[in-house]
>>> print(open('target.txt').read())   # compact mmCIF, C-alpha atoms
# COMPACT_ATOMS: atom_id res chain seq x y z
CA MET A 1 0.00 0.00 0.00
CA VAL A 2 2.79 2.41 0.92
CA ALA A 3 4.73 1.46 -2.21
CA PHE A 4 1.64 2.03 -4.36
CA ARG A 5 1.09 5.44 -2.79
CA ASN A 6 4.71 6.44 -3.39
CA LEU A 7 4.58 5.30 -7.01
CA GLU A 8 1.33 7.16 -7.54
CA ARG A 9 2.77 10.40 -6.14
CA ARG A 10 5.74 10.26 -8.52
CA SER A 11 3.82 9.15 -11.60
CA HIS A 12 3.00 11.54 -14.45
CA ALA A 13 -0.19 9.53 -15.09
CA PRO A 14 -1.35 8.15 -11.73
CA VAL A 15 -4.12 5.55 -11.63
CA LEU A 16 -5.84 7.43 -8.81
CA ASN A 17 -5.85 10.96 -10.09
CA ARG A 18 -5.98 13.44 -7.21
CA ALA A 19 -8.60 15.53 -9.01
CA MET A 20 -10.81 12.44 -9.01
CA LEU A 21 -10.38 11.99 -5.27
CA ARG A 22 -11.04 15.68 -4.58
CA SER A 23 -14.37 15.55 -6.39
CA GLY A 24 -17.22 15.78 -3.87
CA PRO A 25 -19.64 13.74 -5.99
CA VAL A 26 -17.03 11.00 -6.43
CA ARG A 27 -16.36 10.84 -2.69
CA ALA A 28 -20.11 10.79 -1.95
CA GLY A 29 -20.61 7.97 -4.45
CA LEU A 30 -17.75 5.99 -2.93
CA LEU A 31 -19.20 6.42 0.56
CA ALA A 32 -22.66 5.34 -0.62
CA ALA A 33 -21.17 2.27 -2.31
CA ALA A 34 -19.32 1.28 0.86
CA VAL A 35 -22.47 1.72 2.96
CA VAL A 36 -24.60 -0.35 0.57
CA ASN A 37 -22.15 -3.24 0.51
CA PHE A 38 -21.60 -2.96 4.27
CA ALA A 39 -25.33 -3.48 4.83
CA LEU A 40 -25.82 -6.13 2.14
CA ALA A 41 -22.80 -8.32 2.89
CA GLY A 42 -23.15 -7.93 6.65
CA GLY A 43 -26.80 -8.93 6.46
CA LEU A 44 -26.08 -11.84 4.14
CA PHE A 45 -23.55 -13.12 6.65
CA VAL A 46 -25.46 -12.58 9.89
CA LEU A 47 -29.08 -13.31 8.98
CA PRO A 48 -28.59 -16.90 7.79
CA LEU A 49 -26.67 -17.65 10.98
CA LEU A 50 -29.47 -16.21 13.09
CA LEU A 51 -32.19 -17.97 11.12
CA GLN A 52 -30.46 -21.33 11.44
CA GLN A 53 -29.02 -21.10 14.95
CA GLU A 54 -31.65 -19.05 16.76
CA ARG A 55 -34.80 -19.77 14.73
CA HIS A 56 -33.80 -23.37 13.86
CA LEU A 57 -34.56 -23.10 10.15
CA SER A 58 -33.01 -25.70 7.88
CA PRO A 59 -30.56 -24.58 5.17
CA LEU A 60 -33.34 -25.00 2.58
CA GLU A 61 -35.79 -22.97 4.66
CA THR A 62 -33.14 -20.28 5.19
CA GLY A 63 -32.47 -20.09 1.46
CA LEU A 64 -36.17 -19.81 0.72
CA ALA A 65 -36.49 -17.14 3.41
CA PHE A 66 -34.12 -14.97 1.38
CA LEU A 67 -36.31 -14.94 -1.75
CA PRO A 68 -37.78 -11.53 -0.91
CA LEU A 69 -34.23 -10.12 -0.96
CA THR A 70 -33.28 -11.72 -4.27
CA VAL A 71 -36.38 -11.14 -6.39
CA PRO A 72 -35.72 -7.38 -6.77
CA PHE A 73 -32.20 -8.14 -8.06
CA ALA A 74 -33.76 -10.07 -10.95
CA ALA A 75 -36.71 -7.79 -11.64
CA ASN A 76 -35.56 -4.25 -10.89
CA PRO A 77 -32.34 -3.41 -12.84
CA ALA A 78 -34.10 -2.92 -16.19
CA PHE A 79 -36.58 -0.56 -14.53
CA THR A 80 -33.77 1.25 -12.71
CA GLY A 81 -31.92 1.72 -16.01
CA LYS A 82 -34.99 3.36 -17.54
CA VAL A 83 -35.43 5.62 -14.52
CA VAL A 84 -31.76 6.65 -14.60
CA ALA A 85 -31.97 7.36 -18.34
CA ARG A 86 -35.06 9.53 -17.83
CA MET A 87 -34.31 11.27 -14.51
CA GLY A 88 -30.59 10.83 -13.93
CA PRO A 89 -28.99 8.76 -11.17
CA ARG A 90 -29.50 11.04 -8.16
CA ARG A 91 -33.15 10.23 -7.39
CA PRO A 92 -32.79 6.44 -7.73
CA ILE A 93 -29.70 6.56 -5.50
CA LEU A 94 -31.52 8.52 -2.81
CA ALA A 95 -34.65 6.37 -3.11
CA GLY A 96 -32.54 3.22 -2.93
CA LEU A 97 -30.65 4.43 0.12
CA ALA A 98 -33.96 5.27 1.82
CA LEU A 99 -35.35 1.81 0.99
CA LEU A 100 -32.14 0.19 2.21
CA ALA A 101 -32.34 2.13 5.50
CA ALA A 102 -36.00 1.18 5.94
CA GLY A 103 -35.21 -2.45 5.17
CA GLY A 104 -32.32 -2.46 7.61
CA ALA A 105 -34.49 -0.92 10.33
CA ALA A 106 -37.24 -3.48 9.72
CA LEU A 107 -34.73 -6.35 9.83
CA ALA A 108 -33.06 -5.03 12.97
CA GLY A 109 -36.44 -4.59 14.64
CA GLY A 110 -37.48 -8.09 13.66
CA VAL A 111 -34.23 -9.67 14.81
CA PHE A 112 -33.96 -7.85 18.11
CA THR A 113 -37.59 -8.48 19.05
CA ASP A 114 -37.45 -12.15 18.00
CA SER A 115 -40.32 -11.58 15.59
CA ALA A 116 -41.57 -14.38 13.38
CA TYR A 117 -40.31 -14.64 9.80
CA PRO A 118 -43.27 -12.80 8.24
CA TRP A 119 -42.00 -9.68 10.03
CA LEU A 120 -38.53 -10.13 8.48
CA ALA A 121 -39.76 -10.63 4.91
CA PRO A 122 -40.71 -6.95 4.31
CA GLY A 123 -37.26 -5.89 5.53
CA LEU A 124 -35.62 -8.29 3.10
CA LEU A 125 -37.81 -7.03 0.25
CA LEU A 126 -37.09 -3.38 1.02
CA THR A 127 -33.37 -4.13 1.25
CA GLY A 128 -33.45 -5.92 -2.10
CA PHE A 129 -35.22 -3.02 -3.80
CA GLY A 130 -32.90 -0.51 -2.16
CA VAL A 131 -29.73 -2.24 -3.31
CA SER A 132 -31.13 -2.87 -6.80
CA TYR A 133 -31.86 0.85 -7.18
CA VAL A 134 -28.60 2.12 -5.72
CA LEU A 135 -25.89 0.01 -7.31
CA PRO A 136 -26.72 0.47 -11.02
CA SER A 137 -27.47 4.13 -10.40
CA LEU A 138 -24.16 4.61 -8.58
CA VAL A 139 -22.19 3.20 -11.49
CA ALA A 140 -23.93 5.61 -13.85
CA ALA A 141 -23.41 8.53 -11.48
CA MET A 142 -19.74 7.78 -10.89
CA VAL A 143 -18.94 7.52 -14.59
CA GLU A 144 -20.92 10.72 -15.18
CA VAL A 145 -19.07 12.79 -12.54
CA ALA A 146 -15.62 11.32 -13.10
CA PRO A 147 -13.08 13.90 -14.20
CA ALA A 148 -12.10 13.60 -17.86
CA GLY A 149 -10.14 10.45 -18.59
CA THR A 150 -10.77 8.80 -15.20
CA ALA A 151 -14.01 6.85 -15.79
CA GLY A 152 -12.21 3.49 -15.76
CA ALA A 153 -10.25 4.34 -12.63
CA VAL A 154 -13.38 5.61 -10.90
CA GLY A 155 -15.21 2.39 -11.81
CA GLY A 156 -12.35 0.30 -10.43
CA LEU A 157 -12.16 2.39 -7.28
CA LEU A 158 -15.92 2.07 -6.85
CA ASN A 159 -15.66 -1.72 -6.92
CA ALA A 160 -12.69 -1.72 -4.54
CA VAL A 161 -14.53 0.49 -2.06
CA ARG A 162 -17.60 -1.74 -2.31
CA GLN A 163 -15.45 -4.73 -1.36
CA VAL A 164 -13.99 -2.87 1.62
CA GLY A 165 -17.53 -1.98 2.73
CA ALA A 166 -18.56 -5.63 2.39
CA THR A 167 -15.58 -6.83 4.39
CA LEU A 168 -16.26 -4.34 7.16
CA GLY A 169 -19.96 -5.24 7.15
CA VAL A 170 -19.25 -8.94 7.64
CA ALA A 171 -16.64 -8.25 10.33
CA LEU A 172 -18.59 -5.67 12.33
CA MET A 173 -22.01 -7.29 12.07
CA GLY A 174 -20.45 -10.64 12.87
CA VAL A 175 -18.88 -9.22 16.01
CA THR A 176 -22.15 -7.55 16.97
CA VAL A 177 -24.11 -10.81 17.01
CA ALA A 178 -21.29 -12.99 18.40
>>> encode(input="target.txt", output="structure tokens")
Amino acid sequence: MVAFRNLERRSHAPVLNRAMLRSGPVRAGLLAAAVVNFALAGGLFVLPLLLQQERHLSPLETGLAFLPLTVPFAANPAFTGKVVARMGPRRPILAGLALLAAGGAALAGGVFTDSAYPWLAPGLLLTGFGVSYVLPSLVAAMVEVAPAGTAGAVGGLLNAVRQVGATLGVALMGVTVA
């Protein structure tokens, strides 16, 4: 990491252009991407454990319980693409983040109050719709706001930041329920 940073500072054509990192919209998009993957990966790690260990669902029942989360990933991206093309990425990103927050709150409420599965299903559905609005919209937004000549680097950085968010989500949510 230190070697990469030193090489980047001396390079005439750095991969991570400083102008790109100074851009407020780029930083906001990177933060949103990290938050989305934090919530998604953390939930995908913790919820199956809770459903199997605390609620005594079988692996098949646990997999079926996650259908409300997965259906939006199959059905929503084409719709999101049309919305982004018509309205731009900002509104779908904000709507997706709001849905993700509502889904997370519903899931947390259901888990911490030991509610039955039907109370968890709406949280999973909201989370699925939130993520399926945010991620495609974020890619469009990041490429749109990237400084000239940095769209590829911004896309790569976006994916790297998403993975860091996912890793932190699994680690921190895992510690929380341990």
>>> residues_around(input="target.txt", residues="Leu99 of chain A", least_positions_apart="2", cutoff="9 Å", atoms="only C-alpha atoms", output="ChimeraX atom specification")
/A:94-97,101-104,126-131,133
>>> closest_residue(input="target.txt", among="A:Gly29, A:Pro48, A:Pro118, A:Gly152", to="Arg90 of chain A", atoms="only C-alpha atoms")
A:Gly29
>>> residues_around(input="target.txt", residues="segment 62-69 of chain A", least_positions_apart="6", cutoff="12 Å", atoms="all atoms listed in the file", output="ChimeraX atom specification")
/A:40,43-56,75-76,100,103-104,107,116-132
>>> atom_distance(input="target.txt", atom1="atom CA of Phe4 of chain A", atom2="atom CA of Leu16 of chain A")
10.2 Å
>>> residues_around(input="target.txt", residues="segment 156-159 of chain A", least_positions_apart="5", cutoff="12 Å", atoms="all atoms listed in the file", output="CSV table (one decimal) with C-alpha atoms, in the frame of the given file")
chain,number,residue,atom,x,y,z
A,15,VAL,CA,-4.1,5.6,-11.6
A,16,LEU,CA,-5.8,7.4,-8.8
A,17,ASN,CA,-5.8,11.0,-10.1
A,20,MET,CA,-10.8,12.4,-9.0
A,21,LEU,CA,-10.4,12.0,-5.3
A,26,VAL,CA,-17.0,11.0,-6.4
A,27,ARG,CA,-16.4,10.8,-2.7
A,28,ALA,CA,-20.1,10.8,-2.0
A,29,GLY,CA,-20.6,8.0,-4.4
A,30,LEU,CA,-17.8,6.0,-2.9
A,31,LEU,CA,-19.2,6.4,0.6
A,32,ALA,CA,-22.7,5.3,-0.6
A,33,ALA,CA,-21.2,2.3,-2.3
A,34,ALA,CA,-19.3,1.3,0.9
A,35,VAL,CA,-22.5,1.7,3.0
A,36,VAL,CA,-24.6,-0.4,0.6
A,37,ASN,CA,-22.2,-3.2,0.5
A,135,LEU,CA,-25.9,0.0,-7.3
A,136,PRO,CA,-26.7,0.5,-11.0
A,138,LEU,CA,-24.2,4.6,-8.6
A,139,VAL,CA,-22.2,3.2,-11.5
A,140,ALA,CA,-23.9,5.6,-13.8
A,141,ALA,CA,-23.4,8.5,-11.5
A,142,MET,CA,-19.7,7.8,-10.9
A,143,VAL,CA,-18.9,7.5,-14.6
A,146,ALA,CA,-15.6,11.3,-13.1
A,150,THR,CA,-10.8,8.8,-15.2
A,151,ALA,CA,-14.0,6.8,-15.8
A,164,VAL,CA,-14.0,-2.9,1.6
A,165,GLY,CA,-17.5,-2.0,2.7
A,166,ALA,CA,-18.6,-5.6,2.4
>>> residues_around(input="target.txt", residues="Thr167 of chain A", least_positions_apart="3", cutoff="10 Å", atoms="all atoms listed in the file", output="VMD selection string")
chain A and resid 34 37 to 38 41 to 42 161 to 164 170 to 172
>>> atom_distance(input="target.txt", atom1="atom CA of Thr80 of chain A", atom2="atom CA of Val134 of chain A")
8.7 Å
>>> closest_residue(input="target.txt", among="A:Val145, A:Ala105, A:Ile93, A:Ala85", to="Ser23 of chain A", atoms="all atoms listed in the file")
A:Val145
>>> atom_distance(input="target.txt", atom1="atom CA of Asp114 of chain A", atom2="atom CA of Ala98 of chain A")
24.0 Å
>>> closest_residue(input="target.txt", among="A:Gly155, A:Gly174, A:Pro59, A:Gly149", to="Ala19 of chain A", atoms="all atoms listed in the file")
A:Gly149
>>> closest_residue(input="target.txt", among="A:Val83, A:Val154, A:Leu168, A:Ala160", to="Pro25 of chain A", atoms="only C-alpha atoms")
A:Val154
>>> build_atoms(input="target.txt", residues="segment 149-172 of chain A", atoms="N, CA, C and O atoms", output="tab-separated table (two decimals), in the frame of the given file")
chain	number	residue	atom	x	y	z
A	149	GLY	N	-11.17	11.47	-18.48
A	149	GLY	CA	-10.14	10.45	-18.59
A	149	GLY	C	-10.01	9.53	-17.40
A	149	GLY	O	-9.10	8.71	-17.35
A	150	THR	N	-10.91	9.63	-16.42
A	150	THR	CA	-10.77	8.80	-15.20
A	150	THR	C	-11.94	7.84	-14.99
A	150	THR	O	-12.03	7.23	-13.94
A	151	ALA	N	-12.82	7.70	-15.98
A	151	ALA	CA	-14.01	6.85	-15.79
A	151	ALA	C	-13.62	5.42	-15.43
A	151	ALA	O	-14.23	4.82	-14.53
A	152	GLY	N	-12.64	4.86	-16.08
A	152	GLY	CA	-12.21	3.49	-15.76
A	152	GLY	C	-11.65	3.38	-14.36
A	152	GLY	O	-11.96	2.44	-13.62
A	153	ALA	N	-10.83	4.35	-13.98
A	153	ALA	CA	-10.25	4.34	-12.63
A	153	ALA	C	-11.33	4.53	-11.58
A	153	ALA	O	-11.31	3.88	-10.52
A	154	VAL	N	-12.29	5.39	-11.85
A	154	VAL	CA	-13.38	5.61	-10.90
A	154	VAL	C	-14.21	4.33	-10.75
A	154	VAL	O	-14.58	3.95	-9.64
A	155	GLY	N	-14.47	3.65	-11.87
A	155	GLY	CA	-15.21	2.39	-11.81
A	155	GLY	C	-14.46	1.34	-11.00
A	155	GLY	O	-15.05	0.63	-10.19
A	156	GLY	N	-13.15	1.25	-11.21
A	156	GLY	CA	-12.35	0.30	-10.43
A	156	GLY	C	-12.32	0.65	-8.95
A	156	GLY	O	-12.41	-0.22	-8.09
A	157	LEU	N	-12.17	1.94	-8.67
A	157	LEU	CA	-12.16	2.39	-7.28
A	157	LEU	C	-13.51	2.13	-6.62
A	157	LEU	O	-13.58	1.71	-5.46
A	158	LEU	N	-14.58	2.35	-7.36
A	158	LEU	CA	-15.92	2.07	-6.85
A	158	LEU	C	-16.03	0.61	-6.42
A	158	LEU	O	-16.51	0.31	-5.32
A	159	ASN	N	-15.58	-0.29	-7.27
A	159	ASN	CA	-15.66	-1.72	-6.92
A	159	ASN	C	-14.76	-2.06	-5.75
A	159	ASN	O	-15.14	-2.87	-4.89
A	160	ALA	N	-13.59	-1.46	-5.67
A	160	ALA	CA	-12.69	-1.72	-4.54
A	160	ALA	C	-13.31	-1.23	-3.24
A	160	ALA	O	-13.26	-1.93	-2.21
A	161	VAL	N	-13.90	-0.06	-3.26
A	161	VAL	CA	-14.53	0.49	-2.06
A	161	VAL	C	-15.73	-0.35	-1.65
A	161	VAL	O	-15.97	-0.56	-0.46
A	162	ARG	N	-16.48	-0.85	-2.63
A	162	ARG	CA	-17.60	-1.74	-2.31
A	162	ARG	C	-17.11	-2.98	-1.57
A	162	ARG	O	-17.75	-3.43	-0.62
A	163	GLN	N	-15.98	-3.52	-2.00
A	163	GLN	CA	-15.45	-4.73	-1.36
A	163	GLN	C	-14.97	-4.43	0.07
A	163	GLN	O	-15.14	-5.25	0.97
A	164	VAL	N	-14.39	-3.26	0.26
A	164	VAL	CA	-13.99	-2.87	1.62
A	164	VAL	C	-15.23	-2.73	2.50
A	164	VAL	O	-15.26	-3.20	3.64
A	165	GLY	N	-16.28	-2.10	1.97
A	165	GLY	CA	-17.53	-1.98	2.73
A	165	GLY	C	-18.10	-3.35	3.08
A	165	GLY	O	-18.56	-3.57	4.21
A	166	ALA	N	-18.05	-4.27	2.13
A	166	ALA	CA	-18.56	-5.63	2.39
A	166	ALA	C	-17.75	-6.32	3.48
A	166	ALA	O	-18.31	-6.96	4.37
A	167	THR	N	-16.44	-6.20	3.39
A	167	THR	CA	-15.58	-6.83	4.39
A	167	THR	C	-15.85	-6.27	5.78
A	167	THR	O	-15.97	-7.02	6.76
A	168	LEU	N	-15.96	-4.96	5.87
A	168	LEU	CA	-16.26	-4.34	7.16
A	168	LEU	C	-17.65	-4.73	7.66
A	168	LEU	O	-17.85	-4.93	8.87
A	169	GLY	N	-18.61	-4.84	6.76
A	169	GLY	CA	-19.96	-5.24	7.15
A	169	GLY	C	-19.99	-6.63	7.75
A	169	GLY	O	-20.61	-6.85	8.80
A	170	VAL	N	-19.30	-7.57	7.11
A	170	VAL	CA	-19.25	-8.94	7.64
A	170	VAL	C	-18.54	-8.94	9.00
A	170	VAL	O	-19.02	-9.55	9.96
A	171	ALA	N	-17.42	-8.24	9.08
A	171	ALA	CA	-16.64	-8.25	10.33
A	171	ALA	C	-17.41	-7.59	11.47
A	171	ALA	O	-17.54	-8.18	12.56
A	172	LEU	N	-17.94	-6.41	11.24
A	172	LEU	CA	-18.59	-5.67	12.33
A	172	LEU	C	-19.95	-6.26	12.71
A	172	LEU	O	-20.28	-6.33	13.89
